[in-house]
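Peer 1: What follows is a structure written as structure tokens; I'll ask about it next.
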Amino acid sequence: WMDSVPLFESSLVTCPRSIKSNLEISKIYSGLVPHMVDYEKSLKLIRTAQSIDPTYCDVHQQYSHVYFHQQKYILFEREMAQSLRCPFTMGQAMGNWNKYWKVVLKQDASAKGRYDKYMASIQEEVARREEEEGGSSGDRKKMKKKKEKEEGR
């Protein structure tokens with residue numbers, strides 16, 4: 001039996017066009033295995049995964065992780081907002097999003113404009129998705145309630 005690194009490397013050799021294999025190995029290079037951190041290698045693997053299927057939204061979650069560690073916060077924000085627009089990554093992304101903005105909005109009042117823009121985009125996507133599905137999953141209500149709470153309404 002192999003540990004995760006050789007297993008993922010073997011998987012990528014066998015299936016170089018596997019989105020999942022590219023993303024899993026990118027996680028290794030983005031800090032999952034501390035002595036193997038190589039953010040540029042991680043980004044290359046994420047780009048490969050995205051080129052295989054541009055609609056595969058898990059890549060945004062991984063991009064945001066790498067950009068945060070590189071302290072490229074505007075890129076982090078953009079990718080994290082994309083993660084929140086995706087039903088498959090929204091739940092996991094929400095915690096990091098909330099922690100990040102709690103700190104940023106306290107330190108930089110000018111960031112509020114960016115935050116509001118991202119939130120409007122996320123809410124529009126949630127509303128669009130709910131319309132397509134013909135029902136309300138409650139996501140839009142949660143996002144609206146969160147925004148109102150932050151604005152002190």
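In the structure tokens, chains take the letters A, B, ... in the order shown, each chain's residues start at 1, and ligands count up from 1 in the order shown.
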Considering only C-alpha atoms, tabulate each residue of segment 58-105 of chain A that lies at most 9 Å from segment 111-122 of chain A along with its nearest interatomic pair and the corresponding distance in Å to one decimal; arrange the rows by chain and ascending residue number and present them as a tab-separated table.
Peer 2:
residue	atom	partner	partner_atom	distance
A:Glu77	CA	A:Tyr118	CA	8.3
A:Arg78	CA	A:Tyr118	CA	7.9
A:Ala81	CA	A:Tyr118	CA	6.2
A:Gln82	CA	A:Ile122	CA	7.9
A:Leu84	CA	A:Ile122	CA	6.5
A:Arg85	CA	A:Ile122	CA	5.3
A:Cys86	CA	A:Ile122	CA	9.0
A:Trp101	CA	A:Tyr115	CA	7.7
A:Val104	CA	A:Ala111	CA	7.1
A:Leu105	CA	A:Ala111	CA	6.2
Peer 1: Suppose we keep N, CA and C atoms; can you now write the selection as a short mmCIF file (atom, residue, chain, number, x, y, z; two decimals), in the first residue's frame?
Peer 2:
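The result, stored in out.cif:
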data_model
loop_
_atom_site.label_atom_id
_atom_site.label_comp_id
_atom_site.auth_asym_id
_atom_site.auth_seq_id
_atom_site.Cartn_x
_atom_site.Cartn_y
_atom_site.Cartn_z
N GLU A 77 -9.77 36.78 -2.88
CA GLU A 77 -11.17 37.21 -2.80
C GLU A 77 -11.96 36.79 -4.03
N ARG A 78 -11.39 37.02 -5.20
CA ARG A 78 -12.09 36.69 -6.45
C ARG A 78 -12.37 35.20 -6.55
N ALA A 81 -14.94 34.09 -3.90
CA ALA A 81 -16.29 34.47 -4.31
C ALA A 81 -16.83 33.47 -5.34
N GLN A 82 -15.97 33.03 -6.24
CA GLN A 82 -16.39 32.00 -7.21
C GLN A 82 -16.74 30.70 -6.49
N LEU A 84 -18.02 30.45 -3.60
CA LEU A 84 -19.32 30.65 -2.95
C LEU A 84 -20.46 30.65 -3.95
N ARG A 85 -20.17 30.85 -5.21
CA ARG A 85 -21.20 30.82 -6.25
C ARG A 85 -21.50 29.38 -6.68
N CYS A 86 -20.71 28.46 -6.21
CA CYS A 86 -20.84 27.06 -6.61
C CYS A 86 -21.50 26.24 -5.50
N TRP A 101 -13.30 38.15 5.91
CA TRP A 101 -13.93 39.47 5.86
C TRP A 101 -14.13 40.08 7.24
N VAL A 104 -10.71 41.71 7.64
CA VAL A 104 -10.43 42.74 6.64
C VAL A 104 -11.31 43.98 6.84
N LEU A 105 -12.59 43.77 7.08
CA LEU A 105 -13.50 44.91 7.22
C LEU A 105 -13.21 45.73 8.47
#
Peer 1: Name the residues of segment 27-76 of chain A that come out as alpha helix (DSSP H) in a backbone DSSP run; write them as a VMD selection string.
Peer 2: chain A and resid 27 39 to 52 58 to 69 73 to 76
Peer 1: Could you save the residues just selected, with C-alpha atoms, as an mmCIF file, in the first residue's frame?
Peer 2:
data_model
loop_
_atom_site.group_PDB
_atom_site.id
_atom_site.type_symbol
_atom_site.label_atom_id
_atom_site.label_comp_id
_atom_site.auth_asym_id
_atom_site.auth_seq_id
_atom_site.Cartn_x
_atom_site.Cartn_y
_atom_site.Cartn_z
ATOM 1 C CA LYS A 27 -3.224 20.261 -2.473
ATOM 2 C CA TYR A 39 2.897 27.137 -4.754
ATOM 3 C CA GLU A 40 3.914 27.568 -8.387
ATOM 4 C CA LYS A 41 3.708 23.824 -8.959
ATOM 5 C CA SER A 42 0.342 23.803 -7.208
ATOM 6 C CA LEU A 43 -0.957 26.625 -9.433
ATOM 7 C CA LYS A 44 0.244 24.809 -12.548
ATOM 8 C CA LEU A 45 -1.723 21.715 -11.528
ATOM 9 C CA ILE A 46 -4.828 23.802 -10.791
ATOM 10 C CA ARG A 47 -4.561 25.476 -14.203
ATOM 11 C CA THR A 48 -4.308 22.041 -15.806
ATOM 12 C CA ALA A 49 -7.426 20.876 -13.975
ATOM 13 C CA GLN A 50 -9.283 24.001 -15.045
ATOM 14 C CA SER A 51 -8.207 23.567 -18.672
ATOM 15 C CA ILE A 52 -9.690 20.062 -18.664
ATOM 16 C CA ASP A 58 -13.663 23.055 -7.144
ATOM 17 C CA VAL A 59 -10.661 24.712 -8.791
ATOM 18 C CA HIS A 60 -11.726 28.075 -7.347
ATOM 19 C CA GLN A 61 -11.523 26.732 -3.814
ATOM 20 C CA GLN A 62 -7.997 25.491 -4.465
ATOM 21 C CA TYR A 63 -6.906 28.694 -6.206
ATOM 22 C CA SER A 64 -8.147 30.696 -3.224
ATOM 23 C CA HIS A 65 -6.177 28.502 -0.824
ATOM 24 C CA VAL A 66 -2.927 29.046 -2.726
ATOM 25 C CA TYR A 67 -3.477 32.777 -3.221
ATOM 26 C CA PHE A 68 -4.157 33.232 0.479
ATOM 27 C CA HIS A 69 -0.865 31.580 1.374
ATOM 28 C CA TYR A 73 -5.535 38.730 -1.223
ATOM 29 C CA ILE A 74 -7.408 40.313 -4.122
ATOM 30 C CA LEU A 75 -6.940 37.110 -6.150
ATOM 31 C CA PHE A 76 -7.969 35.145 -3.067
#
Peer 1: Kindly indicate which residue among A:Glu24, A:Glu133, A:Asn98, A:Ile19 lies nearest to Pro54 of chain A, using only C-alpha atoms for the distances.
Peer 2: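 Between A:Glu24, A:Glu133, A:Asn98, A:Ile19, the residue approaching Pro54 of chain A most closely is A:Ile19.
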Peer 1: Which residue out of A:Tyr56, A:Pro6, A:Thr89, A:Val33 has the minimum interatomic distance to Lys20 of chain A when only C-alpha atoms are used?
Peer 2: A:Tyr56
Peer 1: Measuring between only C-alpha atoms, which one of A:Ala93, A:Val103, A:Ala109, A:Leu23 shows the shortest distance to Glu9 of chain A?
Peer 2: A:Leu23
Peer 1: When you draw a straight line from atom CA of Ser11 of chain A to atom CA of Ser30 of chain A, how long is it in Å?
Peer 2: 18.1 Å
